[in-house]
Amino acid sequence: MASVSWDRLVDGVLSGDVRSLARLITRVENREPGWQEAMKALYPASGKAAVVGITGSPGAGKSTLTNAVAGLFAAQGRKIGVIAVDPSSPFSGGALLGDRLRMRESAVHPDVFIRSMATRGALGGLCQGARDVARIMAAFGKDLILIETVGVGQDEVEVVKAADCVMVVLTPGQGDGIQALKAGIMEIADIYVVNKADRDGADEVVADVLGMLSIAGGEGSPVLKTSAVTGAGIAELAEAVLAGIGRAKNRETWLRERVKAEILSLMENEILNSLVGKFGKNGALEKAVSGILDGKSDPYTAVEALLPGLSEAASGDGRR
Amino acid sequence: MSEDRKIRVLIAKPGLDGHERGARIIAYGLRDAGFEVIYTGLRQTPAEIARAAVQEDVDLVGLSILSGAHLSLTRKVLDRLSEMNASDIPVIVGGVVPPEDAETLASMGVAGVFTAGTPVSAVADFIRAQIAKKTD
Ligand SMILES: Nc1nc2c(ncn2[C@@H]2O[C@H](COP(=O)(O)OP(=O)(O)O)[C@@H](O)[C@H]2O)c(=O)[nH]1
Ligand SMILES: [Mg+2]
């Protein structure tokens, strides 16, 4: 089957064709040649959507909550995109993406588009990948994009960090778990959700979070109890999300930092890919490896030899 | 990068039978074969399956059907796919399928039929070959 041209897919996305949306996401995710041109073409249309990050331990109820919130927002007439990230197996490179299982109610809504995404290797970066997918959905016409990710790896933390509003999902019985949660995750939360509040122990977790926030100076962040099963607290959560998005627009320093981080991450990938391509092809990389293993060189000298002038250039301005 | 492009498949269970084991074995097995497997669980309607296949842009849909209703359910999934302009996504069927029904399924356009007990590696090889054929 001859593959459809990028131009046609871009046009399809901009005119609201679902299949074009799904296919373009695949190609960009695979970093097929030409992906940057497509992203450039879509960028101007992608500015209006807001991105919400949803993170927390496996089993906390992120998918179930995402389903509930997506359903509610869709019922309000908003167009919703969902990106559900699950880890790739480090052994096979495959992945079992099961979040849709918990999103059946919202998935049937015509304005909800759900896409599962595996973390894959570091190549291209999960964060940039998810950001690109969110942007494609935005250009398609989605108003609100919810990104679910397990808050374990650094990559995954980066994903939600780039969101306009971040909710961290906790559950009863996780009192001690709060300490165990990655410090980095609690710090980036705009909203704390204690889900499974239909079970005993939710109030204790709320108290623990409030205690932690008062120590960390994070008072004012909402701490909400929800039950994704009974629906209790979902409407309040949805309102808190919209309020959080509203606040993001005024965080000017943060908005600048976010753009800067994206430029740096794209540059890092470009540079790395071109270096790996160049030194991989001409054999310099393997030669350097052999030199080190043979005891004739060391990694620091090898890098200097591969990139002559680069370290001087970097420190050039700062010369004493 | 397209040589080692990730293969994405949807494993779905249409119909009312509650036997999830076969579908799960296939889903995990294909993950271990390096595929990205979207698993949507029990009792999916044909419309839900087609929607998921399109949104996830899968290379192939695998239906696990043990209820005996493989002919009518598969027909419905194919119809929904075609309504969504997605007839090009190959569909395979796994389950308890008598040989004469396997022929009927093939004539409907099903790419492959696997009876219970087919090793996952055989299914994985079949899927790889199917996709290679398609991208040629
Ligand atoms: N009792 C109760 N169970 C819930 C609630 N939310 C989710 N669950 C269950 O918790 C399990 C894990 O949910 P899931 O959404 O897949 O969690 P995730 O791994 O964080 O995405 C499932 O069995 C859900 O049905 C809730 O509010 N109350
Ligand atoms: Mg989940």
# chains A, B, ... in the order shown; residues from 1 in each chain; ligands from 1
>>> residues_around(residues="Pro14 (chain B)", least_positions_apart="2", cutoff="7 Å", atoms="only C-alpha atoms", output="ChimeraX atom specification")
/B:12,16,42-46,65,73
>>> residues_near_ligand(ligand="ligand 1", cutoff="10 Å", atoms="only C-alpha atoms and all ligand atoms", output="ChimeraX atom specification")
/A:54-68,84-86,98-103,148-151,169-172,194-200,225-234
>>> select_by_dssp(residues="chain B", states="strand (DSSP E)", output="list in words")
Arg8, Val9, Leu10, Ile11, Ala12, Glu36, Val37, Ile38, Tyr39, Leu60, Val61, Gly62, Leu63, Ser64, Ile65, Val91, Ile92, Val93, Gly94, Gly95, Gly112, Val113, Phe114 and Thr115 of chain B
>>> write_last_selection(atoms="N, CA and C atoms", output="PDB file, in the first residue's frame")
ATOM      1  N   ARG B   8       1.871  -2.198  15.979  1.00  0.00           N
ATOM      2  CA  ARG B   8       0.792  -1.987  16.960  1.00  0.00           C
ATOM      3  C   ARG B   8      -0.401  -2.852  16.600  1.00  0.00           C
ATOM      4  N   VAL B   9      -0.887  -3.608  17.565  1.00  0.00           N
ATOM      5  CA  VAL B   9      -2.065  -4.434  17.309  1.00  0.00           C
ATOM      6  C   VAL B   9      -3.110  -4.197  18.399  1.00  0.00           C
ATOM      7  N   LEU B  10      -4.365  -4.379  18.003  1.00  0.00           N
ATOM      8  CA  LEU B  10      -5.456  -4.328  18.980  1.00  0.00           C
ATOM      9  C   LEU B  10      -5.943  -5.753  19.202  1.00  0.00           C
ATOM     10  N   ILE B  11      -5.972  -6.170  20.460  1.00  0.00           N
ATOM     11  CA  ILE B  11      -6.553  -7.468  20.789  1.00  0.00           C
ATOM     12  C   ILE B  11      -7.892  -7.196  21.473  1.00  0.00           C
ATOM     13  N   ALA B  12      -8.954  -7.687  20.860  1.00  0.00           N
ATOM     14  CA  ALA B  12     -10.283  -7.344  21.358  1.00  0.00           C
ATOM     15  C   ALA B  12     -11.139  -8.587  21.511  1.00  0.00           C
ATOM     16  N   GLU B  36       3.489  -3.581  20.290  1.00  0.00           N
ATOM     17  CA  GLU B  36       2.692  -2.747  21.191  1.00  0.00           C
ATOM     18  C   GLU B  36       1.249  -3.224  21.072  1.00  0.00           C
ATOM     19  N   VAL B  37       0.740  -3.729  22.170  1.00  0.00           N
ATOM     20  CA  VAL B  37      -0.566  -4.374  22.157  1.00  0.00           C
ATOM     21  C   VAL B  37      -1.580  -3.528  22.922  1.00  0.00           C
ATOM     22  N   ILE B  38      -2.602  -3.107  22.239  1.00  0.00           N
ATOM     23  CA  ILE B  38      -3.685  -2.398  22.928  1.00  0.00           C
ATOM     24  C   ILE B  38      -4.726  -3.442  23.284  1.00  0.00           C
ATOM     25  N   TYR B  39      -4.994  -3.540  24.577  1.00  0.00           N
ATOM     26  CA  TYR B  39      -5.925  -4.558  25.042  1.00  0.00           C
ATOM     27  C   TYR B  39      -7.136  -3.872  25.660  1.00  0.00           C
ATOM     28  N   LEU B  60      -3.099  -4.065  12.840  1.00  0.00           N
ATOM     29  CA  LEU B  60      -3.904  -5.277  12.717  1.00  0.00           C
ATOM     30  C   LEU B  60      -4.825  -5.407  13.934  1.00  0.00           C
ATOM     31  N   VAL B  61      -5.992  -5.996  13.698  1.00  0.00           N
ATOM     32  CA  VAL B  61      -6.918  -6.265  14.798  1.00  0.00           C
ATOM     33  C   VAL B  61      -7.018  -7.774  14.991  1.00  0.00           C
ATOM     34  N   GLY B  62      -6.858  -8.227  16.222  1.00  0.00           N
ATOM     35  CA  GLY B  62      -7.058  -9.636  16.544  1.00  0.00           C
ATOM     36  C   GLY B  62      -8.318  -9.796  17.378  1.00  0.00           C
ATOM     37  N   LEU B  63      -9.237 -10.608  16.899  1.00  0.00           N
ATOM     38  CA  LEU B  63     -10.481 -10.838  17.643  1.00  0.00           C
ATOM     39  C   LEU B  63     -10.410 -12.197  18.307  1.00  0.00           C
ATOM     40  N   SER B  64     -10.698 -12.243  19.587  1.00  0.00           N
ATOM     41  CA  SER B  64     -10.754 -13.512  20.293  1.00  0.00           C
ATOM     42  C   SER B  64     -12.222 -13.821  20.567  1.00  0.00           C
ATOM     43  N   ILE B  65     -12.705 -14.886  19.962  1.00  0.00           N
ATOM     44  CA  ILE B  65     -14.138 -15.196  20.084  1.00  0.00           C
ATOM     45  C   ILE B  65     -14.317 -16.668  20.441  1.00  0.00           C
ATOM     46  N   VAL B  91      -7.781  -8.007   9.770  1.00  0.00           N
ATOM     47  CA  VAL B  91      -8.399  -8.597  10.958  1.00  0.00           C
ATOM     48  C   VAL B  91      -8.063 -10.083  10.996  1.00  0.00           C
ATOM     49  N   ILE B  92      -7.648 -10.571  12.153  1.00  0.00           N
ATOM     50  CA  ILE B  92      -7.496 -12.010  12.328  1.00  0.00           C
ATOM     51  C   ILE B  92      -8.428 -12.462  13.454  1.00  0.00           C
ATOM     52  N   VAL B  93      -8.775 -13.737  13.428  1.00  0.00           N
ATOM     53  CA  VAL B  93      -9.718 -14.269  14.404  1.00  0.00           C
ATOM     54  C   VAL B  93      -9.094 -15.476  15.097  1.00  0.00           C
ATOM     55  N   GLY B  94      -9.221 -15.497  16.421  1.00  0.00           N
ATOM     56  CA  GLY B  94      -8.754 -16.647  17.170  1.00  0.00           C
ATOM     57  C   GLY B  94      -9.883 -17.204  18.015  1.00  0.00           C
ATOM     58  N   GLY B  95      -9.868 -18.521  18.209  1.00  0.00           N
ATOM     59  CA  GLY B  95     -10.916 -19.123  19.027  1.00  0.00           C
ATOM     60  C   GLY B  95     -11.209 -20.534  18.572  1.00  0.00           C
ATOM     61  N   GLY B 112      -6.578 -14.069   8.680  1.00  0.00           N
ATOM     62  CA  GLY B 112      -6.074 -15.326   9.226  1.00  0.00           C
ATOM     63  C   GLY B 112      -6.977 -15.822  10.338  1.00  0.00           C
ATOM     64  N   VAL B 113      -7.031 -17.142  10.483  1.00  0.00           N
ATOM     65  CA  VAL B 113      -7.832 -17.734  11.551  1.00  0.00           C
ATOM     66  C   VAL B 113      -6.933 -18.660  12.359  1.00  0.00           C
ATOM     67  N   PHE B 114      -6.953 -18.504  13.675  1.00  0.00           N
ATOM     68  CA  PHE B 114      -6.107 -19.312  14.544  1.00  0.00           C
ATOM     69  C   PHE B 114      -6.966 -20.024  15.567  1.00  0.00           C
ATOM     70  N   THR B 115      -6.877 -21.329  15.566  1.00  0.00           N
ATOM     71  CA  THR B 115      -7.664 -22.063  16.550  1.00  0.00           C
ATOM     72  C   THR B 115      -6.920 -22.058  17.886  1.00  0.00           C
TER      73      THR B 115
END
>>> interface_residues(of="chain B", to="chain A", cutoff="7 Å", atoms="only C-alpha atoms", output="ChimeraX atom specification")
/B:1,5,28,31-41,48,54-57,134-136
>>> select_by_dssp(residues="region 30-244 of chain A", states="helix (DSSP H, G or I)", output="JSON, numbers by chain")
{"A": [35, 36, 37, 38, 39, 40, 41, 42, 43, 44, 45, 46, 62, 63, 64, 65, 66, 67, 68, 69, 70, 71, 72, 73, 74, 75, 99, 100, 101, 102, 104, 105, 106, 107, 126, 127, 128, 129, 130, 131, 132, 133, 134, 135, 136, 137, 138, 139, 140, 154, 155, 156, 157, 158, 159, 160, 161, 175, 176, 177, 178, 179, 180, 183, 184, 185, 186, 187, 188, 202, 203, 204, 205, 206, 207, 208, 209, 210, 211, 212, 213, 214, 215, 216, 234, 235, 236, 237, 238, 239, 240, 241, 242, 243, 244]}
>>> residues_around(residues="Met108 (chain B)", least_positions_apart="6", cutoff="9 Å", atoms="only C-alpha atoms", output="PyMOL selection string")
chain B and resi 74-75+78
>>> write_last_selection(atoms="C-alpha atoms", output="PDB file, in the first residue's frame")
ATOM      1  CA  THR B  74     -16.626 -10.794  12.776  1.00  0.00           C
ATOM      2  CA  ARG B  75     -19.010  -9.660  10.053  1.00  0.00           C
ATOM      3  CA  LEU B  78     -15.688  -5.723   9.425  1.00  0.00           C
TER       4      LEU B  78
END
>>> closest_residue(among="B:Leu71, B:Ile127, B:Val58, B:Met84", to="Ser107 (chain B)", atoms="only C-alpha atoms")
B:Leu71
>>> residues_around(residues="Ala207 (chain A)", least_positions_apart="3", cutoff="12 Å", atoms="only C-alpha atoms", output="PDB file with C-alpha atoms, in the first residue's frame")
ATOM      1  CA  PRO A 172      -6.309   5.431  50.956  1.00  0.00           C
ATOM      2  CA  GLN A 174      -1.084   5.336  50.979  1.00  0.00           C
ATOM      3  CA  GLY A 175      -0.323   7.467  54.035  1.00  0.00           C
ATOM      4  CA  ILE A 178       3.276   9.848  50.265  1.00  0.00           C
ATOM      5  CA  TYR A 192      -3.933  16.473  44.858  1.00  0.00           C
ATOM      6  CA  VAL A 194      -7.335  11.243  46.961  1.00  0.00           C
ATOM      7  CA  GLY A 201      -8.815   5.949  55.150  1.00  0.00           C
ATOM      8  CA  ALA A 202      -9.227   8.753  52.603  1.00  0.00           C
ATOM      9  CA  ASP A 203      -9.387  11.439  55.272  1.00  0.00           C
ATOM     10  CA  GLU A 204      -6.069  10.332  56.698  1.00  0.00           C
ATOM     11  CA  LEU A 210      -2.252  18.952  53.921  1.00  0.00           C
ATOM     12  CA  GLY A 211       0.438  18.405  56.525  1.00  0.00           C
ATOM     13  CA  MET A 212       3.061  17.960  53.866  1.00  0.00           C
ATOM     14  CA  LEU A 213       1.876  21.038  52.005  1.00  0.00           C
ATOM     15  CA  SER A 214       2.019  23.219  55.095  1.00  0.00           C
ATOM     16  CA  VAL A 223      -6.719  18.482  47.930  1.00  0.00           C
ATOM     17  CA  LEU A 224      -9.829  16.696  46.709  1.00  0.00           C
ATOM     18  CA  LYS A 225     -11.500  13.420  47.541  1.00  0.00           C
TER      19      LYS A 225
END
>>> residues_around(residues="region 48-52 of chain A", least_positions_apart="4", cutoff="9 Å", atoms="only C-alpha atoms", output="ChimeraX atom specification")
/A:134-135,137-139,141-148,160,162-167,241,245
>>> residues_around(residues="Ile26 (chain B)", least_positions_apart="3", cutoff="8 Å", atoms="only C-alpha atoms", output="tab-separated table (two decimals) with N, CA and C atoms, in the first residue's frame")
chain	number	residue	atom	x	y	z
B	11	ILE	N	-5.97	-6.17	20.46
B	11	ILE	CA	-6.55	-7.47	20.79
B	11	ILE	C	-7.89	-7.20	21.47
B	22	GLY	N	-7.61	-16.77	26.76
B	22	GLY	CA	-6.96	-16.85	25.46
B	22	GLY	C	-6.49	-15.48	24.99
B	23	ALA	N	-7.37	-14.49	25.14
B	23	ALA	CA	-7.03	-13.14	24.69
B	23	ALA	C	-5.84	-12.60	25.47
B	29	GLY	N	1.75	-12.47	25.07
B	29	GLY	CA	2.71	-13.12	24.17
B	29	GLY	C	3.18	-12.17	23.09
B	30	LEU	N	2.26	-11.40	22.53
B	30	LEU	CA	2.65	-10.47	21.47
B	30	LEU	C	3.49	-9.32	22.04
B	120	VAL	N	1.79	-18.66	20.32
B	120	VAL	CA	1.80	-17.22	20.10
B	120	VAL	C	2.85	-16.84	19.07
>>> decode(residues="region 101-134 of chain B", atoms="N, CA, C and O atoms", output="JSON list (two decimals), in the first residue's frame")
[["chain", "number", "residue", "atom", "x", "y", "z"],
["B", 101, "ASP", "N", -16.11, -22.88, 8.86],
["B", 101, "ASP", "CA", -16.29, -21.47, 9.23],
["B", 101, "ASP", "C", -15.04, -20.66, 8.92],
["B", 101, "ASP", "O", -15.11, -19.48, 8.56],
["B", 102, "ALA", "N", -13.88, -21.30, 9.08],
["B", 102, "ALA", "CA", -12.64, -20.61, 8.76],
["B", 102, "ALA", "C", -12.65, -20.18, 7.30],
["B", 102, "ALA", "O", -12.21, -19.08, 6.95],
["B", 103, "GLU", "N", -13.19, -21.05, 6.45],
["B", 103, "GLU", "CA", -13.28, -20.69, 5.03],
["B", 103, "GLU", "C", -14.22, -19.52, 4.82],
["B", 103, "GLU", "O", -13.94, -18.59, 4.06],
["B", 104, "THR", "N", -15.36, -19.58, 5.51],
["B", 104, "THR", "CA", -16.31, -18.47, 5.39],
["B", 104, "THR", "C", -15.66, -17.16, 5.84],
["B", 104, "THR", "O", -15.81, -16.12, 5.19],
["B", 105, "LEU", "N", -14.93, -17.22, 6.96],
["B", 105, "LEU", "CA", -14.27, -16.01, 7.46],
["B", 105, "LEU", "C", -13.28, -15.48, 6.43],
["B", 105, "LEU", "O", -13.22, -14.28, 6.17],
["B", 106, "ALA", "N", -12.51, -16.40, 5.83],
["B", 106, "ALA", "CA", -11.55, -15.98, 4.81],
["B", 106, "ALA", "C", -12.27, -15.30, 3.66],
["B", 106, "ALA", "O", -11.79, -14.28, 3.13],
["B", 107, "SER", "N", -13.41, -15.84, 3.27],
["B", 107, "SER", "CA", -14.13, -15.23, 2.14],
["B", 107, "SER", "C", -14.72, -13.87, 2.51],
["B", 107, "SER", "O", -14.98, -13.04, 1.65],
["B", 108, "MET", "N", -14.91, -13.63, 3.81],
["B", 108, "MET", "CA", -15.38, -12.29, 4.24],
["B", 108, "MET", "C", -14.24, -11.27, 4.20],
["B", 108, "MET", "O", -14.49, -10.08, 4.34],
["B", 109, "GLY", "N", -13.01, -11.77, 4.12],
["B", 109, "GLY", "CA", -11.87, -10.85, 4.10],
["B", 109, "GLY", "C", -10.99, -10.94, 5.34],
["B", 109, "GLY", "O", -10.08, -10.13, 5.52],
["B", 110, "VAL", "N", -11.25, -11.91, 6.20],
["B", 110, "VAL", "CA", -10.40, -12.09, 7.39],
["B", 110, "VAL", "C", -9.03, -12.61, 6.94],
["B", 110, "VAL", "O", -8.94, -13.51, 6.11],
["B", 111, "ALA", "N", -7.97, -12.01, 7.48],
["B", 111, "ALA", "CA", -6.62, -12.31, 7.00],
["B", 111, "ALA", "C", -6.09, -13.63, 7.51],
["B", 111, "ALA", "O", -5.23, -14.25, 6.88],
["B", 112, "GLY", "N", -6.58, -14.07, 8.68],
["B", 112, "GLY", "CA", -6.07, -15.33, 9.23],
["B", 112, "GLY", "C", -6.98, -15.82, 10.34],
["B", 112, "GLY", "O", -7.60, -15.03, 11.03],
["B", 113, "VAL", "N", -7.03, -17.14, 10.48],
["B", 113, "VAL", "CA", -7.83, -17.73, 11.55],
["B", 113, "VAL", "C", -6.93, -18.66, 12.36],
["B", 113, "VAL", "O", -6.20, -19.48, 11.79],
["B", 114, "PHE", "N", -6.95, -18.50, 13.67],
["B", 114, "PHE", "CA", -6.11, -19.31, 14.54],
["B", 114, "PHE", "C", -6.97, -20.02, 15.57],
["B", 114, "PHE", "O", -7.70, -19.39, 16.32],
["B", 115, "THR", "N", -6.88, -21.33, 15.57],
["B", 115, "THR", "CA", -7.66, -22.06, 16.55],
["B", 115, "THR", "C", -6.92, -22.06, 17.89],
["B", 115, "THR", "O", -5.70, -21.88, 17.94],
["B", 116, "ALA", "N", -7.70, -22.24, 18.94],
["B", 116, "ALA", "CA", -7.12, -22.24, 20.28],
["B", 116, "ALA", "C", -5.96, -23.23, 20.32],
["B", 116, "ALA", "O", -6.05, -24.32, 19.77],
["B", 117, "GLY", "N", -4.87, -22.82, 20.94],
["B", 117, "GLY", "CA", -3.72, -23.71, 21.03],
["B", 117, "GLY", "C", -2.63, -23.38, 20.04],
["B", 117, "GLY", "O", -1.53, -23.91, 20.15],
["B", 118, "THR", "N", -2.90, -22.48, 19.09],
["B", 118, "THR", "CA", -1.83, -22.04, 18.19],
["B", 118, "THR", "C", -0.77, -21.32, 19.02],
["B", 118, "THR", "O", -1.11, -20.45, 19.82],
["B", 119, "PRO", "N", 0.51, -21.68, 18.87],
["B", 119, "PRO", "CA", 1.53, -20.97, 19.65],
["B", 119, "PRO", "C", 1.56, -19.49, 19.30],
["B", 119, "PRO", "O", 1.37, -19.12, 18.14],
["B", 120, "VAL", "N", 1.79, -18.66, 20.32],
["B", 120, "VAL", "CA", 1.80, -17.22, 20.10],
["B", 120, "VAL", "C", 2.85, -16.84, 19.07],
["B", 120, "VAL", "O", 2.66, -15.93, 18.26],
["B", 121, "SER", "N", 3.98, -17.58, 19.08],
["B", 121, "SER", "CA", 5.05, -17.23, 18.14],
["B", 121, "SER", "C", 4.57, -17.37, 16.69],
["B", 121, "SER", "O", 4.96, -16.58, 15.83],
["B", 122, "ALA", "N", 3.70, -18.35, 16.45],
["B", 122, "ALA", "CA", 3.16, -18.51, 15.09],
["B", 122, "ALA", "C", 2.28, -17.32, 14.72],
["B", 122, "ALA", "O", 2.31, -16.83, 13.59],
["B", 123, "VAL", "N", 1.50, -16.86, 15.68],
["B", 123, "VAL", "CA", 0.65, -15.70, 15.44],
["B", 123, "VAL", "C", 1.52, -14.46, 15.18],
["B", 123, "VAL", "O", 1.27, -13.69, 14.25],
["B", 124, "ALA", "N", 2.58, -14.32, 15.98],
["B", 124, "ALA", "CA", 3.47, -13.18, 15.81],
["B", 124, "ALA", "C", 4.12, -13.19, 14.42],
["B", 124, "ALA", "O", 4.17, -12.16, 13.74],
["B", 125, "ASP", "N", 4.59, -14.37, 14.01],
["B", 125, "ASP", "CA", 5.21, -14.48, 12.68],
["B", 125, "ASP", "C", 4.21, -14.12, 11.59],
["B", 125, "ASP", "O", 4.53, -13.42, 10.63],
["B", 126, "PHE", "N", 2.99, -14.62, 11.76],
["B", 126, "PHE", "CA", 1.95, -14.33, 10.77],
["B", 126, "PHE", "C", 1.72, -12.82, 10.67],
["B", 126, "PHE", "O", 1.62, -12.27, 9.57],
["B", 127, "ILE", "N", 1.63, -12.17, 11.82],
["B", 127, "ILE", "CA", 1.36, -10.72, 11.82],
["B", 127, "ILE", "C", 2.50, -9.97, 11.14],
["B", 127, "ILE", "O", 2.28, -9.09, 10.30],
["B", 128, "ARG", "N", 3.75, -10.36, 11.45],
["B", 128, "ARG", "CA", 4.89, -9.68, 10.83],
["B", 128, "ARG", "C", 4.83, -9.82, 9.31],
["B", 128, "ARG", "O", 5.03, -8.86, 8.57],
["B", 129, "ALA", "N", 4.54, -11.04, 8.87],
["B", 129, "ALA", "CA", 4.48, -11.29, 7.42],
["B", 129, "ALA", "C", 3.35, -10.48, 6.79],
["B", 129, "ALA", "O", 3.50, -9.90, 5.71],
["B", 130, "GLN", "N", 2.22, -10.44, 7.46],
["B", 130, "GLN", "CA", 1.06, -9.71, 6.98],
["B", 130, "GLN", "C", 1.40, -8.23, 6.77],
["B", 130, "GLN", "O", 1.03, -7.63, 5.77],
["B", 131, "ILE", "N", 2.12, -7.68, 7.74],
["B", 131, "ILE", "CA", 2.43, -6.26, 7.69],
["B", 131, "ILE", "C", 3.50, -5.98, 6.64],
["B", 131, "ILE", "O", 3.44, -4.96, 5.93],
["B", 132, "ALA", "N", 4.45, -6.90, 6.54],
["B", 132, "ALA", "CA", 5.48, -6.73, 5.50],
["B", 132, "ALA", "C", 4.83, -6.71, 4.12],
["B", 132, "ALA", "O", 5.18, -5.91, 3.26],
["B", 133, "LYS", "N", 3.85, -7.57, 3.94],
["B", 133, "LYS", "CA", 3.15, -7.66, 2.66],
["B", 133, "LYS", "C", 2.44, -6.35, 2.35],
["B", 133, "LYS", "O", 2.42, -5.86, 1.23],
["B", 134, "LYS", "N", 1.87, -5.76, 3.40],
["B", 134, "LYS", "CA", 1.08, -4.55, 3.24],
["B", 134, "LYS", "C", 1.94, -3.33, 2.91],
["B", 134, "LYS", "O", 1.53, -2.45, 2.18]]
